[in-house]
$ cat target_29.txt   # compact mmCIF, C-alpha atoms
# COMPACT_ATOMS: atom_id res chain seq x y z
CA MET A 12 -71.83 -58.66 -54.82
CA SER A 13 -71.05 -55.77 -52.51
CA ALA A 14 -69.63 -55.87 -48.99
CA LYS A 15 -72.10 -57.14 -46.43
CA VAL A 16 -72.31 -54.67 -43.54
CA PRO A 17 -72.45 -56.60 -40.23
CA ARG A 18 -75.35 -56.02 -37.82
CA ASN A 19 -73.57 -53.79 -35.32
CA PHE A 20 -72.07 -51.45 -37.90
CA ARG A 21 -75.40 -51.25 -39.65
CA LEU A 22 -77.11 -50.29 -36.37
CA LEU A 23 -74.40 -47.67 -35.72
CA GLU A 24 -75.17 -46.18 -39.16
CA GLU A 25 -78.87 -46.03 -38.30
CA LEU A 26 -78.07 -44.44 -34.92
CA GLU A 27 -75.78 -41.82 -36.45
CA LYS A 28 -78.32 -40.94 -39.10
CA GLY A 29 -80.82 -40.28 -36.30
CA GLU A 30 -78.28 -38.32 -34.21
CA LYS A 31 -77.40 -36.07 -37.13
CA GLY A 32 -81.07 -35.50 -37.93
CA GLN A 33 -80.69 -36.87 -41.46
CA GLY A 34 -83.72 -39.11 -41.17
CA SER A 35 -87.33 -38.54 -42.08
CA ASP A 36 -88.93 -35.38 -40.63
CA ALA A 37 -92.03 -37.24 -39.53
CA CYS A 38 -90.37 -40.15 -37.74
CA SER A 39 -87.55 -40.38 -35.22
CA LEU A 40 -85.47 -43.14 -33.75
CA GLY A 41 -83.11 -43.51 -30.80
CA LEU A 42 -81.48 -46.13 -28.59
CA ASP A 43 -83.52 -47.14 -25.55
CA ASP A 44 -80.38 -47.46 -23.40
CA ASP A 45 -77.21 -45.47 -24.21
CA ASN A 46 -75.13 -48.13 -22.48
CA ASP A 47 -76.48 -51.08 -24.46
CA ILE A 48 -73.42 -52.13 -26.43
CA MET A 49 -75.55 -54.61 -28.43
CA MET A 50 -77.99 -51.85 -29.47
CA SER A 51 -81.01 -54.17 -29.32
CA ASP A 52 -83.81 -51.93 -28.06
CA TRP A 53 -84.93 -48.75 -29.77
CA ASN A 54 -87.58 -46.10 -29.29
CA GLY A 55 -89.37 -44.71 -32.30
CA THR A 56 -91.91 -41.97 -32.82
CA ILE A 57 -94.29 -41.31 -35.66
CA LEU A 58 -95.91 -37.93 -36.16
CA GLY A 59 -99.51 -38.57 -37.20
CA PRO A 60 -100.00 -37.88 -40.92
CA PRO A 61 -101.97 -34.75 -41.84
CA HIS A 62 -105.57 -34.96 -43.17
CA SER A 63 -106.23 -38.06 -41.06
CA VAL A 64 -107.59 -38.85 -37.59
CA HIS A 65 -103.93 -39.12 -36.55
CA GLU A 66 -103.09 -35.52 -37.39
CA ASN A 67 -101.12 -33.74 -34.61
CA ARG A 68 -100.79 -36.94 -32.56
CA ILE A 69 -97.37 -38.35 -31.70
CA TYR A 70 -97.15 -42.13 -31.50
CA SER A 71 -94.43 -43.90 -29.48
CA LEU A 72 -93.16 -47.30 -30.51
CA LYS A 73 -90.61 -49.86 -29.33
CA LEU A 74 -88.47 -51.70 -31.83
CA ARG A 75 -86.23 -54.65 -31.12
CA CYS A 76 -83.38 -55.86 -33.33
CA ASP A 77 -82.23 -59.36 -32.43
CA GLU A 78 -78.84 -60.83 -33.27
CA HIS A 79 -79.93 -61.74 -36.81
CA TYR A 80 -80.95 -58.20 -37.79
CA PRO A 81 -80.86 -56.97 -40.58
CA ASP A 82 -81.22 -60.42 -42.15
CA VAL A 83 -84.54 -60.54 -40.31
CA PRO A 84 -86.82 -57.56 -39.61
CA PRO A 85 -87.10 -55.87 -36.21
CA THR A 86 -90.09 -56.66 -34.01
CA VAL A 87 -92.25 -53.59 -33.62
CA ARG A 88 -94.92 -52.60 -31.15
CA PHE A 89 -96.87 -49.46 -30.47
CA VAL A 90 -96.65 -48.00 -26.95
CA SER A 91 -99.34 -45.41 -27.74
CA ARG A 92 -102.75 -46.93 -28.29
CA ILE A 93 -103.85 -46.94 -31.91
CA ASN A 94 -106.64 -48.50 -33.95
CA LEU A 95 -104.95 -49.81 -37.09
CA PRO A 96 -105.55 -53.13 -38.93
CA CYS A 97 -101.91 -54.32 -38.61
CA VAL A 98 -101.73 -53.62 -34.85
CA ASP A 99 -102.89 -56.11 -32.17
CA PRO A 100 -105.51 -54.21 -30.12
CA ASP A 101 -104.50 -56.08 -26.94
CA ASN A 102 -100.79 -55.30 -26.80
CA GLY A 103 -99.86 -52.94 -29.66
CA LYS A 104 -97.75 -55.50 -31.54
CA VAL A 105 -97.43 -54.93 -35.28
CA ASP A 106 -98.37 -58.09 -37.19
CA PRO A 107 -95.50 -58.63 -39.67
CA THR A 108 -97.79 -60.47 -42.09
CA LYS A 109 -99.96 -57.37 -42.43
CA LEU A 110 -97.30 -54.79 -43.20
CA GLN A 111 -95.62 -55.12 -46.59
CA CYS A 112 -92.08 -54.11 -45.56
CA LEU A 113 -92.00 -56.56 -42.63
CA GLY A 114 -93.63 -59.45 -44.51
CA ASN A 115 -91.33 -59.01 -47.50
CA TRP A 116 -88.30 -57.83 -45.56
CA LYS A 117 -85.10 -57.03 -47.48
CA ARG A 118 -81.68 -56.61 -45.92
CA GLU A 119 -81.34 -53.05 -47.19
CA TYR A 120 -84.45 -51.95 -45.28
CA THR A 121 -83.93 -50.08 -42.02
CA MET A 122 -86.00 -49.34 -38.93
CA GLU A 123 -86.81 -46.02 -40.57
CA THR A 124 -88.28 -47.90 -43.55
CA VAL A 125 -90.71 -49.53 -41.12
CA LEU A 126 -91.71 -46.28 -39.38
CA VAL A 127 -92.23 -44.49 -42.69
CA GLU A 128 -94.34 -47.33 -44.06
CA LEU A 129 -96.43 -47.48 -40.89
CA ARG A 130 -97.08 -43.75 -41.22
CA ARG A 131 -98.12 -44.20 -44.85
CA PHE A 132 -100.43 -47.05 -43.78
CA MET A 133 -102.01 -44.78 -41.15
CA ALA A 134 -102.79 -42.24 -43.89
CA SER A 135 -104.16 -44.68 -46.45
CA GLY A 136 -107.73 -45.40 -47.56
CA ASN A 137 -110.01 -46.31 -44.71
CA ASN A 138 -107.28 -46.28 -42.06
CA LYS A 139 -107.19 -42.52 -41.93
CA LYS A 140 -110.83 -42.40 -40.79
CA LEU A 141 -110.86 -45.19 -38.17
CA PRO A 142 -112.07 -44.14 -34.70
CA GLN A 143 -109.08 -43.82 -32.33
CA PRO A 144 -108.56 -44.39 -28.60
CA PRO A 145 -108.16 -41.19 -26.54
CA GLU A 146 -104.92 -39.37 -27.25
CA GLY A 147 -102.07 -40.14 -24.84
CA THR A 148 -103.27 -43.61 -23.75
CA THR A 149 -100.82 -46.51 -23.78
CA TYR A 150 -100.85 -50.30 -23.88
CA MET B 3 -67.84 -62.48 -53.84
CA ALA B 4 -64.33 -61.60 -54.96
CA LEU B 5 -62.29 -60.15 -52.14
CA PRO B 6 -59.82 -57.46 -53.26
CA LYS B 7 -56.20 -58.64 -53.33
CA ARG B 8 -55.24 -55.91 -50.89
CA ILE B 9 -57.55 -57.35 -48.23
CA ILE B 10 -56.37 -60.92 -48.82
CA LYS B 11 -52.73 -59.84 -48.44
CA GLU B 12 -53.39 -57.87 -45.29
CA THR B 13 -55.27 -60.77 -43.74
CA GLU B 14 -52.53 -63.27 -44.62
CA ARG B 15 -49.89 -61.06 -43.06
CA LEU B 16 -51.95 -60.47 -39.91
CA VAL B 17 -52.11 -64.23 -39.42
CA ALA B 18 -48.51 -65.04 -40.47
CA GLU B 19 -46.83 -62.18 -38.61
CA PRO B 20 -49.17 -61.16 -35.82
CA VAL B 21 -48.53 -57.93 -33.96
CA PRO B 22 -47.56 -58.63 -30.33
CA GLY B 23 -50.61 -58.20 -28.09
CA ILE B 24 -53.03 -57.89 -31.00
CA GLN B 25 -55.17 -60.53 -32.71
CA ALA B 26 -57.44 -60.07 -35.71
CA VAL B 27 -59.39 -63.00 -37.13
CA PRO B 28 -61.84 -62.69 -40.03
CA HIS B 29 -65.30 -64.27 -39.79
CA ASP B 30 -65.69 -67.35 -42.02
CA ASP B 31 -68.90 -66.01 -43.54
CA ASN B 32 -67.71 -62.42 -44.00
CA LEU B 33 -64.04 -61.91 -44.75
CA ARG B 34 -64.36 -58.14 -44.35
CA TYR B 35 -65.50 -58.55 -40.73
CA PHE B 36 -62.88 -59.23 -38.05
CA ASP B 37 -62.93 -60.21 -34.40
CA VAL B 38 -60.13 -58.28 -32.77
CA SER B 39 -58.54 -58.46 -29.36
CA ILE B 40 -56.02 -55.99 -27.98
CA HIS B 41 -54.02 -56.42 -24.80
CA GLY B 42 -53.89 -53.34 -22.63
CA PRO B 43 -50.39 -51.77 -22.81
CA THR B 44 -48.07 -52.28 -19.85
CA GLN B 45 -47.83 -49.35 -17.43
CA SER B 46 -51.27 -48.14 -18.49
CA PRO B 47 -54.51 -48.47 -16.46
CA TYR B 48 -55.53 -51.10 -19.02
CA GLU B 49 -52.59 -53.40 -18.27
CA GLY B 50 -53.67 -56.99 -17.71
CA GLY B 51 -56.92 -56.53 -19.65
CA VAL B 52 -57.85 -58.08 -22.98
CA PHE B 53 -60.24 -55.88 -24.95
CA LYS B 54 -62.49 -57.23 -27.66
CA LEU B 55 -63.23 -55.12 -30.72
CA GLU B 56 -64.93 -55.61 -34.06
CA LEU B 57 -63.63 -54.28 -37.35
CA PHE B 58 -65.28 -54.00 -40.74
CA LEU B 59 -63.72 -53.08 -44.08
CA PRO B 60 -66.35 -51.14 -46.05
CA GLU B 61 -66.96 -51.61 -49.76
CA ASP B 62 -64.58 -48.79 -50.77
CA TYR B 63 -61.76 -49.74 -48.40
CA PRO B 64 -58.90 -48.68 -48.59
CA MET B 65 -60.23 -45.43 -50.01
CA THR B 66 -62.24 -45.09 -46.80
CA PRO B 67 -60.97 -46.21 -43.37
CA PRO B 68 -62.00 -49.40 -41.59
CA LYS B 69 -64.89 -49.14 -39.16
CA ILE B 70 -63.96 -50.30 -35.71
CA ARG B 71 -65.36 -50.24 -32.19
CA PHE B 72 -64.78 -51.74 -28.75
CA LEU B 73 -67.12 -54.49 -27.57
CA THR B 74 -65.54 -54.59 -24.11
CA LYS B 75 -66.58 -51.75 -21.81
CA ILE B 76 -63.67 -49.39 -21.26
CA TYR B 77 -63.19 -46.18 -19.26
CA HIS B 78 -61.26 -43.92 -21.63
CA PRO B 79 -61.79 -40.28 -22.69
CA ASN B 80 -61.61 -41.06 -26.40
CA ILE B 81 -63.96 -44.07 -26.39
CA ASP B 82 -67.69 -43.67 -25.84
CA ARG B 83 -70.27 -45.89 -24.15
CA LEU B 84 -70.99 -47.74 -27.40
CA GLY B 85 -67.28 -48.40 -27.94
CA ARG B 86 -66.86 -45.84 -30.69
CA ILE B 87 -63.33 -44.50 -30.96
CA CYS B 88 -62.19 -40.92 -31.54
CA LEU B 89 -58.91 -41.24 -33.40
CA ASP B 90 -57.69 -38.95 -36.19
CA VAL B 91 -56.38 -41.76 -38.41
CA LEU B 92 -59.87 -43.32 -38.45
CA LYS B 93 -61.34 -40.09 -39.80
CA ALA B 94 -59.72 -37.02 -41.38
CA ASN B 95 -56.18 -38.39 -41.28
CA TRP B 96 -56.93 -41.74 -42.87
CA SER B 97 -54.74 -42.60 -45.84
CA PRO B 98 -54.93 -45.69 -48.08
CA ALA B 99 -51.27 -46.25 -47.21
CA LEU B 100 -52.39 -47.18 -43.69
CA GLN B 101 -53.53 -50.73 -42.96
CA ILE B 102 -55.52 -52.78 -40.47
CA ARG B 103 -52.23 -53.46 -38.70
CA THR B 104 -51.31 -49.77 -38.34
CA ILE B 105 -54.80 -48.85 -37.17
CA LEU B 106 -54.78 -51.51 -34.47
CA LEU B 107 -51.35 -50.33 -33.33
CA SER B 108 -52.69 -46.76 -33.15
CA ILE B 109 -55.58 -47.95 -30.98
CA GLN B 110 -53.20 -49.81 -28.70
CA ALA B 111 -51.13 -46.62 -28.45
CA LEU B 112 -54.27 -44.62 -27.65
CA LEU B 113 -54.84 -46.90 -24.66
CA GLY B 114 -51.36 -46.01 -23.44
CA ALA B 115 -51.85 -42.27 -24.06
CA PRO B 116 -55.42 -41.06 -23.43
CA ASN B 117 -56.06 -37.63 -24.88
CA PRO B 118 -58.69 -35.79 -22.79
CA ASP B 119 -58.32 -32.66 -24.95
CA ASP B 120 -59.99 -34.37 -27.91
CA PRO B 121 -62.73 -36.25 -26.10
CA LEU B 122 -65.56 -38.44 -27.29
CA ALA B 123 -66.79 -39.39 -23.84
CA ASN B 124 -67.14 -35.93 -22.32
CA ASP B 125 -67.85 -36.98 -18.75
CA VAL B 126 -64.78 -39.21 -18.72
CA ALA B 127 -62.56 -36.53 -20.28
CA GLN B 128 -63.65 -33.93 -17.74
CA ARG B 129 -62.86 -36.28 -14.86
CA TRP B 130 -59.51 -37.09 -16.48
CA LYS B 131 -58.62 -33.39 -16.43
CA GLU B 132 -59.94 -32.59 -12.95
CA ASP B 133 -58.93 -35.74 -11.10
CA GLU B 134 -56.46 -37.76 -13.14
CA PRO B 135 -55.50 -40.23 -10.34
CA GLY B 136 -59.20 -40.91 -9.70
CA ALA B 137 -59.93 -41.40 -13.41
CA ILE B 138 -57.00 -43.77 -13.75
CA ALA B 139 -58.21 -45.74 -10.73
CA THR B 140 -61.66 -46.09 -12.34
CA ALA B 141 -60.09 -47.18 -15.63
CA ARG B 142 -58.15 -49.81 -13.69
CA GLU B 143 -61.30 -51.05 -11.92
CA TRP B 144 -63.21 -51.28 -15.20
CA THR B 145 -60.32 -53.23 -16.72
CA GLN B 146 -60.52 -55.78 -13.89
CA THR B 147 -64.32 -55.98 -14.05
CA HIS B 148 -64.89 -56.07 -17.80
CA ALA B 149 -61.61 -57.01 -19.51
CA ALA B 150 -60.35 -59.93 -17.43
CA PRO B 151 -58.73 -62.40 -19.85
$ encode --input "target_29.txt" --output "structure tokens"
Amino acid sequence: MSAKVPRNFRLLEELEKGEKGQGSDACSLGLDDDNDIMMSDWNGTILGPPHSVHENRIYSLKLRCDEHYPDVPPTVRFVSRINLPCVDPDNGKVDPTKLQCLGNWKREYTMETVLVELRRFMASGNNKKLPQPPEGTTY
Amino acid sequence: MALPKRIIKETERLVAEPVPGIQAVPHDDNLRYFDVSIHGPTQSPYEGGVFKLELFLPEDYPMTPPKIRFLTKIYHPNIDRLGRICLDVLKANWSPALQIRTILLSIQALLGAPNPDDPLANDVAQRWKEDEPGAIATAREWTQTHAAP
């Protein structure tokens, strides 16, 4: 078994990957508060996938990593309004039972894994055609 | 999980012959992860403070250096707001001949000799160069506020 990277060093790795621009082109991630030594709250963005109703839209999200991360997944909620089956229409919360990577979370997954999977979900099957709230509205 | 002999030996020696003013205790559930505390050196603005740090020995240690950061807030030109440390021996000048012990001593020395010409916290470094007495006073205040034993 390999060395188990503790929470804080794992979050520093995720932060540095974002700072160096080594992450996905279509998603970004940053700390909500530069002074938060526990690195709990994060801001994410997803660039709407092409050939879908989301094309050219930028979605803002909030992610929260509690003290048990990455043994447990982050909690994720959309700030930008979106009509998507895994998102609570009242508050933007992502239902972990309806998104594969959250429901079957593995320790090696990262916050970027979640953003990338959400983007794929937005582009899939029927989801890419769902009517959407006006661009720029928030919960 | 088999822990490499090198790490076991280093840990035993840290406990048996602790470095004055430095403590490093491994977590029970992760023997590569240490809670560290360092006493601020005398005659430095950090004197009287006890600073908490965390240290992790990555999979390929000692071929790569330990990862380490401050958990206690500290006003220092080479330490940023998330406690990350700018120190040559933690990066380009790391050598497998160095140890946890030597790294912690280097960090303690860095507290006694801030180096604003190789900054990580730019705003702090600039103040250190332009108004050293003021910067030192702030470092002292932060020590009292955040690092009281």
$ atom_distance --input "target_29.txt" --atom1 "atom CA of Pro79 of chain B" --atom2 "atom CA of Arg18 of chain A"
25.7 Å
$ residues_around --input "target_29.txt" --residues "Gly23 of chain B" --least-positions-apart "6" --cutoff "12 Å" --atoms "all atoms listed in the file" --output "mmCIF file with C-alpha atoms, in the coordinates of the input"
data_model
loop_
_atom_site.group_PDB
_atom_site.id
_atom_site.type_symbol
_atom_site.label_atom_id
_atom_site.label_comp_id
_atom_site.auth_asym_id
_atom_site.auth_seq_id
_atom_site.Cartn_x
_atom_site.Cartn_y
_atom_site.Cartn_z
ATOM 1 C CA VAL B 38 -60.130 -58.280 -32.770
ATOM 2 C CA SER B 39 -58.540 -58.460 -29.360
ATOM 3 C CA ILE B 40 -56.020 -55.990 -27.980
ATOM 4 C CA HIS B 41 -54.020 -56.420 -24.800
ATOM 5 C CA GLY B 42 -53.890 -53.340 -22.630
ATOM 6 C CA PRO B 43 -50.390 -51.770 -22.810
ATOM 7 C CA THR B 44 -48.070 -52.280 -19.850
ATOM 8 C CA GLU B 49 -52.590 -53.400 -18.270
ATOM 9 C CA GLY B 50 -53.670 -56.990 -17.710
ATOM 10 C CA GLY B 51 -56.920 -56.530 -19.650
ATOM 11 C CA VAL B 52 -57.850 -58.080 -22.980
ATOM 12 C CA PHE B 53 -60.240 -55.880 -24.950
ATOM 13 C CA LYS B 54 -62.490 -57.230 -27.660
ATOM 14 C CA ARG B 103 -52.230 -53.460 -38.700
ATOM 15 C CA LEU B 106 -54.780 -51.510 -34.470
ATOM 16 C CA LEU B 107 -51.350 -50.330 -33.330
ATOM 17 C CA ILE B 109 -55.580 -47.950 -30.980
ATOM 18 C CA GLN B 110 -53.200 -49.810 -28.700
ATOM 19 C CA ALA B 111 -51.130 -46.620 -28.450
#
$ closest_residue --input "target_29.txt" --among "A:Ile69, A:Val83, A:Leu129, A:Val90" --to "Glu146 of chain A" --atoms "all atoms listed in the file"
A:Ile69
$ residues_near_point --input "target_29.txt" --point "(-84.2, -52.7, -31.3)" --cutoff "9 Å" --atoms "only C-alpha atoms" --output "number ranges by chain"
A: 42-43, 50-54, 73-77, 85-87, 122
$ closest_residue --input "target_29.txt" --among "A:Glu128, A:Asp101, A:Asp47, A:Glu66" --to "Leu22 of chain A" --atoms "all atoms listed in the file"
A:Asp47
$ residues_around --input "target_29.txt" --residues "Lys131 of chain B" --least-positions-apart "4" --cutoff "12 Å" --atoms "only C-alpha atoms" --output "PDB file with C-alpha atoms, in the coordinates of the input"
ATOM      1  CA  PRO B  79     -61.790 -40.280 -22.690  1.00  0.00           C
ATOM      2  CA  PRO B 116     -55.420 -41.060 -23.430  1.00  0.00           C
ATOM      3  CA  ASN B 117     -56.060 -37.630 -24.880  1.00  0.00           C
ATOM      4  CA  PRO B 118     -58.690 -35.790 -22.790  1.00  0.00           C
ATOM      5  CA  ASP B 119     -58.320 -32.660 -24.950  1.00  0.00           C
ATOM      6  CA  ASP B 120     -59.990 -34.370 -27.910  1.00  0.00           C
ATOM      7  CA  PRO B 121     -62.730 -36.250 -26.100  1.00  0.00           C
ATOM      8  CA  ASN B 124     -67.140 -35.930 -22.320  1.00  0.00           C
ATOM      9  CA  ASP B 125     -67.850 -36.980 -18.750  1.00  0.00           C
ATOM     10  CA  VAL B 126     -64.780 -39.210 -18.720  1.00  0.00           C
ATOM     11  CA  ALA B 127     -62.560 -36.530 -20.280  1.00  0.00           C
ATOM     12  CA  PRO B 135     -55.500 -40.230 -10.340  1.00  0.00           C
ATOM     13  CA  GLY B 136     -59.200 -40.910  -9.700  1.00  0.00           C
ATOM     14  CA  ALA B 137     -59.930 -41.400 -13.410  1.00  0.00           C
ATOM     15  CA  ILE B 138     -57.000 -43.770 -13.750  1.00  0.00           C
TER      16      ILE B 138
END
